[in-house]
Each structure stands twice: as structure tokens, then as C-alpha cells.
$ cat target_0.txt   # compact mmCIF, C-alpha atoms
# COMPACT_ATOMS: atom_id res chain seq x y z
CA HIS A 1 3.34 -42.20 -91.10
CA TRP A 2 1.58 -45.29 -92.46
CA GLY A 3 3.16 -47.49 -89.79
CA VAL A 4 2.32 -45.15 -86.94
CA THR A 5 -1.32 -44.80 -87.99
CA THR A 6 -1.89 -48.50 -88.67
CA ALA A 7 0.24 -50.31 -86.10
CA GLY A 8 1.49 -47.68 -83.63
CA TRP A 9 4.75 -45.80 -83.14
CA ARG A 10 6.41 -48.49 -81.01
CA GLU A 11 5.85 -51.26 -83.54
CA THR A 12 6.94 -48.95 -86.36
CA TYR A 13 10.24 -48.21 -84.62
CA ILE A 14 10.84 -51.92 -83.97
CA VAL A 15 10.39 -52.68 -87.68
CA MET A 16 12.66 -49.76 -88.61
CA GLY A 17 15.31 -51.07 -86.23
CA ILE A 18 15.15 -54.57 -87.74
CA VAL A 19 15.32 -53.25 -91.31
CA CYS A 20 18.25 -50.94 -90.53
CA SER A 21 20.17 -53.66 -88.67
CA ILE A 22 19.79 -56.20 -91.46
CA GLY A 23 20.51 -53.59 -94.12
CA MET A 24 23.70 -52.34 -92.45
CA ALA A 25 24.93 -55.90 -91.91
CA LEU A 26 24.42 -56.76 -95.59
CA PHE A 27 26.01 -53.57 -96.90
CA ALA A 28 28.94 -54.03 -94.50
CA LEU A 29 29.89 -57.18 -96.42
CA PHE A 30 30.91 -54.94 -99.32
CA LEU A 31 33.38 -53.11 -97.04
CA ARG A 32 35.39 -56.16 -95.93
CA ARG A 33 38.22 -55.65 -98.40
CA ARG A 34 40.95 -53.42 -96.98
CA PRO A 35 42.00 -50.44 -99.11
CA PRO A 36 45.54 -50.37 -100.53
CA LEU A 37 48.22 -49.09 -98.17
CA ASN A 38 48.86 -45.98 -100.24
CA GLN A 39 45.21 -44.97 -99.81
CA ILE A 40 45.43 -45.42 -96.04
CA THR A 41 48.41 -43.09 -95.76
CA ALA A 42 47.32 -40.53 -98.36
CA PRO A 43 46.90 -36.99 -97.01
CA ALA A 44 43.30 -35.93 -96.41
CA ASN A 45 41.69 -33.62 -98.97
CA GLY A 46 44.75 -33.79 -101.20
CA ARG A 47 46.58 -31.19 -99.08
CA PRO A 48 49.84 -31.66 -97.19
CA SER A 49 49.13 -33.75 -94.11
CA THR A 50 49.02 -31.96 -90.74
CA ALA A 51 48.59 -35.19 -88.78
CA SER A 52 50.98 -35.60 -85.86
CA GLU A 53 51.33 -37.02 -82.37
CA MET A 54 50.57 -33.48 -81.10
CA PRO A 55 47.33 -32.47 -82.87
CA PHE A 56 46.68 -28.72 -82.61
CA GLY A 57 49.89 -28.54 -80.56
CA LEU A 58 48.15 -30.46 -77.74
CA THR A 59 48.57 -33.93 -76.38
CA ALA A 60 46.46 -36.46 -78.27
CA GLY A 61 44.34 -37.14 -75.19
CA ARG A 62 43.58 -33.47 -74.60
CA ALA A 63 42.74 -32.85 -78.25
CA GLN A 64 40.50 -35.92 -78.27
CA SER A 65 38.74 -34.75 -75.10
CA LEU A 66 38.03 -31.34 -76.63
CA LEU A 67 36.52 -32.95 -79.72
CA ILE A 68 34.39 -35.24 -77.53
CA VAL A 69 33.06 -32.26 -75.56
CA ALA A 70 32.47 -30.37 -78.83
CA GLY A 71 30.59 -33.32 -80.29
CA LEU A 72 28.46 -33.69 -77.18
CA ALA A 73 27.68 -29.96 -77.07
CA CYS A 74 26.76 -29.52 -80.72
CA CYS A 75 24.33 -32.44 -80.61
CA VAL A 76 22.68 -31.34 -77.37
CA ALA A 77 21.92 -28.12 -79.25
CA MET A 78 21.01 -29.94 -82.45
CA SER A 79 18.55 -32.29 -80.78
CA MET A 80 16.25 -29.60 -79.41
CA PRO A 81 14.48 -28.75 -82.70
CA GLN A 82 14.78 -32.25 -84.13
CA VAL A 83 13.29 -34.02 -81.12
CA HIS A 84 10.76 -31.40 -80.02
CA ILE A 85 9.57 -29.58 -83.14
CA VAL A 86 6.38 -31.69 -83.25
CA ALA A 87 5.60 -31.11 -79.58
CA TYR A 88 6.48 -27.43 -80.01
CA CYS A 89 3.93 -27.10 -82.80
CA VAL A 90 1.30 -28.82 -80.65
CA ASP A 91 2.13 -26.41 -77.82
CA LEU A 92 1.63 -23.46 -80.21
CA GLY A 93 -1.69 -24.84 -81.40
CA PHE A 94 -0.62 -25.84 -84.93
CA GLY A 95 -1.11 -29.57 -84.34
CA PRO A 96 1.20 -32.57 -84.72
CA ALA A 97 0.74 -32.89 -88.50
CA ARG A 98 2.34 -29.49 -89.11
CA GLY A 99 5.16 -30.39 -86.75
CA ALA A 100 5.75 -33.65 -88.60
CA GLU A 101 5.95 -31.73 -91.88
CA MET A 102 8.49 -29.35 -90.38
CA LEU A 103 10.55 -32.27 -89.10
CA SER A 104 10.48 -33.93 -92.52
CA LEU A 105 11.54 -30.66 -94.14
CA MET A 106 14.33 -30.25 -91.57
CA LEU A 107 15.70 -33.75 -92.14
CA ALA A 108 15.41 -33.49 -95.93
CA CYS A 109 17.38 -30.25 -95.88
CA GLY A 110 19.86 -32.02 -93.59
CA VAL A 111 20.57 -34.53 -96.38
CA VAL A 112 21.26 -31.67 -98.80
CA SER A 113 23.39 -29.95 -96.18
CA ARG A 114 25.48 -33.05 -95.58
CA LEU A 115 26.33 -33.34 -99.27
CA ILE A 116 27.08 -29.64 -99.69
CA SER A 117 29.16 -29.60 -96.52
CA GLY A 118 31.20 -32.47 -97.90
CA VAL A 119 32.11 -30.35 -100.92
CA ILE A 120 32.93 -27.42 -98.64
CA CYS A 121 35.03 -29.64 -96.39
CA ASP A 122 37.04 -30.85 -99.39
CA ARG A 123 37.93 -27.25 -100.12
CA ILE A 124 38.51 -25.68 -96.70
CA GLY A 125 39.15 -28.63 -94.38
CA GLY A 126 37.42 -30.07 -91.34
CA ILE A 127 38.05 -27.45 -88.66
CA LYS A 128 36.77 -24.56 -90.80
CA THR A 129 33.72 -26.61 -91.78
CA LEU A 130 32.99 -27.32 -88.11
CA LEU A 131 33.39 -23.63 -87.29
CA LEU A 132 31.08 -22.60 -90.13
CA GLY A 133 28.43 -25.20 -89.29
CA SER A 134 28.46 -24.38 -85.59
CA ALA A 135 28.06 -20.65 -86.23
CA LEU A 136 25.20 -21.20 -88.67
CA GLN A 137 23.46 -23.66 -86.37
CA GLY A 138 23.64 -21.07 -83.59
CA ILE A 139 22.00 -18.50 -85.87
CA ALA A 140 19.20 -20.93 -86.74
CA LEU A 141 18.58 -21.68 -83.06
CA LEU A 142 18.41 -17.97 -82.30
CA MET A 143 15.66 -17.63 -84.92
CA PHE A 144 13.37 -19.83 -82.82
CA LEU A 145 13.25 -17.19 -80.07
CA PRO A 146 11.57 -14.22 -81.83
CA PHE A 147 9.58 -16.15 -84.46
CA ASN A 148 6.85 -18.71 -83.75
CA GLY A 149 4.42 -18.22 -86.64
CA LEU A 150 3.52 -21.13 -88.89
CA VAL A 151 5.28 -19.87 -92.03
CA SER A 152 8.32 -18.67 -90.10
CA LEU A 153 8.70 -22.07 -88.41
CA TYR A 154 8.67 -23.81 -91.79
CA LEU A 155 11.42 -21.47 -92.98
CA ILE A 156 13.46 -21.84 -89.80
CA SER A 157 13.13 -25.63 -89.93
CA ALA A 158 14.50 -25.64 -93.47
CA MET A 159 17.27 -23.24 -92.44
CA PHE A 160 18.20 -25.36 -89.44
CA GLY A 161 18.38 -28.49 -91.59
CA LEU A 162 20.59 -26.75 -94.15
CA PHE A 163 22.94 -25.43 -91.48
CA GLN A 164 23.47 -28.45 -89.21
CA GLY A 165 24.05 -31.31 -91.64
CA GLY A 166 27.81 -30.91 -92.00
CA ILE A 167 28.77 -30.60 -88.34
CA VAL A 168 29.01 -34.25 -87.28
CA PRO A 169 30.83 -35.49 -90.43
CA SER A 170 33.43 -32.74 -90.00
CA TYR A 171 34.73 -34.46 -86.84
CA ALA A 172 35.85 -37.47 -88.87
CA ILE A 173 37.70 -35.19 -91.29
CA ILE A 174 39.32 -33.26 -88.43
CA ILE A 175 40.59 -36.48 -86.87
CA ARG A 176 41.89 -37.73 -90.20
CA GLU A 177 43.68 -34.43 -90.81
CA TYR A 178 45.28 -33.88 -87.41
CA PHE A 179 45.71 -37.32 -85.80
CA PRO A 180 47.90 -40.20 -87.01
CA ALA A 181 46.06 -42.36 -89.55
CA ALA A 182 46.54 -45.51 -87.47
CA GLN A 183 44.43 -43.95 -84.68
CA THR A 184 41.56 -42.77 -86.89
CA GLY A 185 39.15 -45.63 -86.22
CA ARG A 186 39.02 -45.50 -82.44
CA ARG A 187 39.14 -41.71 -82.24
CA VAL A 188 36.35 -41.19 -84.77
CA GLY A 189 34.30 -43.82 -82.93
CA ALA A 190 34.76 -42.03 -79.61
CA VAL A 191 33.70 -38.63 -80.99
CA ILE A 192 30.72 -40.01 -82.91
CA MET A 193 29.62 -41.86 -79.76
CA ALA A 194 29.74 -38.52 -77.93
CA THR A 195 27.51 -36.96 -80.60
CA MET A 196 24.93 -39.72 -80.13
CA LEU A 197 25.02 -39.26 -76.38
CA GLY A 198 24.53 -35.54 -77.01
CA MET A 199 21.42 -36.19 -79.08
CA ALA A 200 19.98 -38.37 -76.33
CA LEU A 201 20.94 -35.95 -73.55
CA GLY A 202 19.67 -32.91 -75.44
CA GLY A 203 16.33 -34.48 -76.23
CA TRP A 204 15.77 -35.45 -72.61
CA MET A 205 17.10 -32.15 -71.27
CA SER A 206 14.84 -30.04 -73.49
CA GLY A 207 11.81 -32.03 -72.40
CA LYS A 208 12.77 -31.70 -68.75
CA ILE A 209 13.21 -27.95 -69.10
CA PHE A 210 9.78 -27.69 -70.71
CA ASP A 211 8.26 -29.71 -67.87
CA VAL A 212 9.80 -27.34 -65.32
CA THR A 213 9.19 -24.02 -67.08
CA GLY A 214 6.12 -24.80 -69.19
CA SER A 215 7.77 -23.14 -72.19
CA TYR A 216 10.10 -24.18 -74.99
CA GLN A 217 11.80 -20.78 -74.96
CA ALA A 218 14.02 -21.85 -72.08
CA ALA A 219 14.81 -25.11 -73.90
CA VAL A 220 15.91 -23.12 -76.96
CA VAL A 221 18.13 -20.92 -74.80
CA ASN A 222 19.67 -24.07 -73.31
CA GLY A 223 20.44 -25.30 -76.82
CA ILE A 224 22.00 -21.96 -77.75
CA LEU A 225 24.31 -22.12 -74.72
CA TRP A 226 25.46 -25.63 -75.61
CA ASN A 227 26.03 -24.50 -79.18
CA ALA A 228 28.11 -21.60 -77.86
CA LEU A 229 30.31 -24.14 -76.06
CA ASN A 230 30.82 -26.04 -79.30
CA LEU A 231 31.54 -22.82 -81.20
CA SER A 232 34.08 -21.68 -78.60
CA ILE A 233 35.99 -24.98 -78.86
CA ALA A 234 35.93 -24.87 -82.67
CA THR A 235 37.12 -21.26 -82.64
CA TRP A 236 39.94 -21.99 -80.20
CA LEU A 237 41.17 -24.95 -82.24
CA PHE A 238 40.97 -22.92 -85.45
CA LEU A 239 43.02 -20.10 -83.93
CA ARG A 240 45.63 -22.59 -82.72
CA VAL A 241 45.90 -24.08 -86.19
CA ARG A 242 46.28 -20.63 -87.73
CA ARG A 243 49.00 -19.66 -85.25
CA MET A 244 50.83 -22.93 -85.86
CA ASN A 245 50.68 -22.45 -89.63
CA ALA A 246 51.95 -18.88 -89.25
CA ALA A 247 54.84 -20.07 -87.10
CA ILE A 248 55.76 -22.72 -89.64
CA SER A 249 55.66 -20.31 -92.58
CA ALA A 250 57.61 -17.55 -90.77
CA PRO A 251 61.06 -19.27 -91.01
CA SER A 252 60.43 -19.90 -94.69
CA ARG A 253 59.83 -16.19 -95.33
CA VAL A 254 62.93 -15.26 -93.33
CA SER A 255 65.14 -17.71 -95.22
CA ALA A 256 63.72 -16.49 -98.54
$ encode --input "target_0.txt" --output "C-alpha cells"
Amino acid sequence: HWGVTTAGWRETYIVMGIVCSIGMALFALFLRRRPPLNQITAPANGRPSTASEMPFGLTAGRAQSLLIVAGLACCVAMSMPQVHIVAYCVDLGFGPARGAEMLSLMLACGVVSRLISGVICDRIGGIKTLLLGSALQGIALLMFLPFNGLVSLYLISAMFGLFQGGIVPSYAIIIREYFPAAQTGRRVGAVIMATMLGMALGGWMSGKIFDVTGSYQAAVVNGILWNALNLSIATWLFLRVRRMNAAISAPSRVSA
């Protein structure tokens, strides 16, 4: 806020970019040492490893493609409130300051959500965490349709932040759980790149829809549809995992 008011938003972002770049480069020096081999091959979450050359019973390429589409879709939906909440508040007559407060509240709750989702993911695994986060994010997006009062938007912003924070990290856990460990780096990178493209695409798309329709309601509906795509992929993968686990446990019950 201080940078934007004193120097302008463009200069503020340039300084933020420089600080983040230097900071990441310095902190990366502490990550140069490779972990011991037994840590690389340890099962994720302390549970028996489900990693294989056929993740979810699919070819690795098909499973990767589904996760890329899921990552793109969830972040197209996620970007609508995060990118446009300030403009939405201006459109409703509340002013940019209120929108900035809502955005700050949303992102702060996102930090809390990311930590809590990590604990949840340790207990139930990546695919269930993705399914839970996607469903909750869809509910939060739906709340933007009937409610547009000042207090309700503060509450919905906090709710959205609390619901969406664990979605993107869950992809890394899913890949670690279901793909061979030696492929983790490139596959996580591909899915995370798709999420960043989704944020960019969603932000632009929501603005374009507003320009065409003159209302953010249609942009919210667009986000809900993209979230439904993510939720359908997460649900389908979860059901495949459950069927595979049932098929594996069935012979054991018969032999017992």
C-alpha cells in the first residue's frame, strides 16, 4: 500500500519482483545438499506406497494430462475472486479500499488454509485433499452469486481463502504418492506450471467476460464451471483409487 501510494503500482511490483528473485536465489543455496537416498525412496505420508508406472490404473501420460487439466481448471476458478475482488467492490460502490481489505483477508486466510490442509493431507492423502478443497472452493464461489453486501463479502472472502489454500499443494502430494519418485520433479513442475497458467487465464477471462456482459455475475458462473471440471476430475480419480484398493483387498479377504 505504501509503495503504490508513493511510487505507483508498476514500480512497486518491480521492486517486489527484485526482492523475491534475490530472496529465492539466496534461500535456494540452503537446498543444494541432496537428501539421503532412503529419504528419497520413503513412502509418502508414512503409508504404503501406491506409486507405480500405471498411476490410477492409467498410463503415466494420461494421468499427468488429467492432473494438468485439473490444475488449470482449479486456478481459472480460483483467480476470479483473487484478481477481481477489488474491481468487484468498486463496481458495487464500496470503493477500492474495501476491496483491498477483502483481498488481504482472503490471502491471509489462504496462508492458514495451506498449513491446515497440509495436516489434513498427511492424514488422508493428496487425492482426498484435492477433492475436499475443490468441493469447498466451489461452495465459496457459489456464495458470490446471491450475496453482494459489504459484510457478506468480507465473510465470503475469508471463507474462500480458507477453502482454496490446500488445492495447489495437493498436486505435489498426489504425484509423489502415485508416480515413481524419480519422475516427481518434472511432473510436479508441469502441473504447477499449469496452475500458474490457469491463474493468468482466469484473471484475463473474468475481465473479458465483465467487459462483454457488464457484470461480474457471469464471471463468477464461469469460475464455477471451471471448478466443476476440476471437481469432476478429482472425483473420477478418487473413485478409481477406491476401486483399485477394493480389488487389491478382495483376494486377501478370500484367502483369509
$ closest_residue --input "target_0.txt" --among "A:Ile127, A:Val15, A:Val212, A:Ala181" --to "Ala70 in chain A" --atoms "all atoms listed in the file"
A:Ile127
$ residues_around --input "target_0.txt" --residues "range 164-180 of chain A" --least-positions-apart "4" --cutoff "8 Å" --atoms "all atoms listed in the file" --output "ChimeraX atom specification"
/A:43-44,49-56,60,67,71,74,78,109-118,121,125-127,129-130,133-134,136-137,160,184,187-188,191-192,195
$ closest_residue --input "target_0.txt" --among "A:Ser21, A:Gly95, A:Ser206, A:Gly57" --to "Arg242 in chain A" --atoms "all atoms listed in the file"
A:Gly57
$ closest_residue --input "target_0.txt" --among "A:Tyr216, A:Leu26, A:Met106, A:Thr12" --to "Val90 in chain A" --atoms "all atoms listed in the file"
A:Tyr216
$ residues_around --input "target_0.txt" --residues "Met196 in chain A" --least-positions-apart "2" --cutoff "10 Å" --atoms "all atoms listed in the file" --output "list in words"
Gly71, Leu72, Cys75, Val76, Ser79, Val168, Val191, Ile192, Met193, Ala194, Gly198, Met199, Ala200, Leu201 and Gly202 of chain A
$ closest_atom_pairs --input "target_0.txt" --of "range 157-234 of chain A" --to "range 141-150 of chain A" --cutoff "12 Å" --atoms "all atoms listed in the file" --output "CSV"
residue,atom,partner,partner_atom,distance
A:Ser157,CA,A:Phe144,CA,9.2
A:Ala158,CA,A:Met143,CA,11.8
A:Met159,CA,A:Met143,CA,9.5
A:Phe160,CA,A:Leu141,CA,7.4
A:Gly161,CA,A:Leu141,CA,10.9
A:Phe163,CA,A:Leu141,CA,10.2
A:Gln164,CA,A:Leu141,CA,10.4
A:Ser215,CA,A:Leu145,CA,11.3
A:Tyr216,CA,A:Leu145,CA,9.2
A:Gln217,CA,A:Leu145,CA,6.4
A:Ala218,CA,A:Leu145,CA,9.3
A:Ala219,CA,A:Leu145,CA,10.2
A:Val220,CA,A:Leu141,CA,6.8
A:Val221,CA,A:Leu142,CA,8.1
A:Asn222,CA,A:Leu141,CA,10.1
A:Gly223,CA,A:Leu141,CA,7.4
A:Ile224,CA,A:Leu141,CA,6.3
A:Leu225,CA,A:Leu141,CA,10.1
A:Trp226,CA,A:Leu141,CA,10.9
A:Asn227,CA,A:Leu141,CA,8.9
A:Ala228,CA,A:Leu141,CA,10.9
$ atom_distance --input "target_0.txt" --atom1 "CA of Val151 in chain A" --atom2 "CA of Gly138 in chain A"
20.2 Å
$ atom_distance --input "target_0.txt" --atom1 "CA of Gly3 in chain A" --atom2 "CA of Gly93 in chain A"
24.6 Å
$ residues_around --input "target_0.txt" --residues "Met102 in chain A" --least-positions-apart "3" --cutoff "6 Å" --atoms "only C-alpha atoms" --output "PDB file with C-alpha atoms, keeping the file's coordinate frame"
ATOM      1  CA  GLY A  99       5.160 -30.390 -86.750  1.00  0.00           C
ATOM      2  CA  LEU A 105      11.540 -30.660 -94.140  1.00  0.00           C
ATOM      3  CA  TYR A 154       8.670 -23.810 -91.790  1.00  0.00           C
ATOM      4  CA  SER A 157      13.130 -25.630 -89.930  1.00  0.00           C
TER       5      SER A 157
END
$ closest_residue --input "target_0.txt" --among "A:Met80, A:Ala234, A:Ile248, A:Ala135" --to "Ile209 in chain A" --atoms "all atoms listed in the file"
A:Met80
$ closest_residue --input "target_0.txt" --among "A:Asn245, A:His1, A:Leu229, A:Ile139" --to "Ala97 in chain A" --atoms "all atoms listed in the file"
A:His1
$ atom_distance --input "target_0.txt" --atom1 "CA of Leu107 in chain A" --atom2 "CA of Gly17 in chain A"
18.3 Å
$ closest_residue --input "target_0.txt" --among "A:Gly61, A:Gly207, A:Gly214, A:Gly8" --to "Pro81 in chain A" --atoms "only C-alpha atoms"
A:Gly207
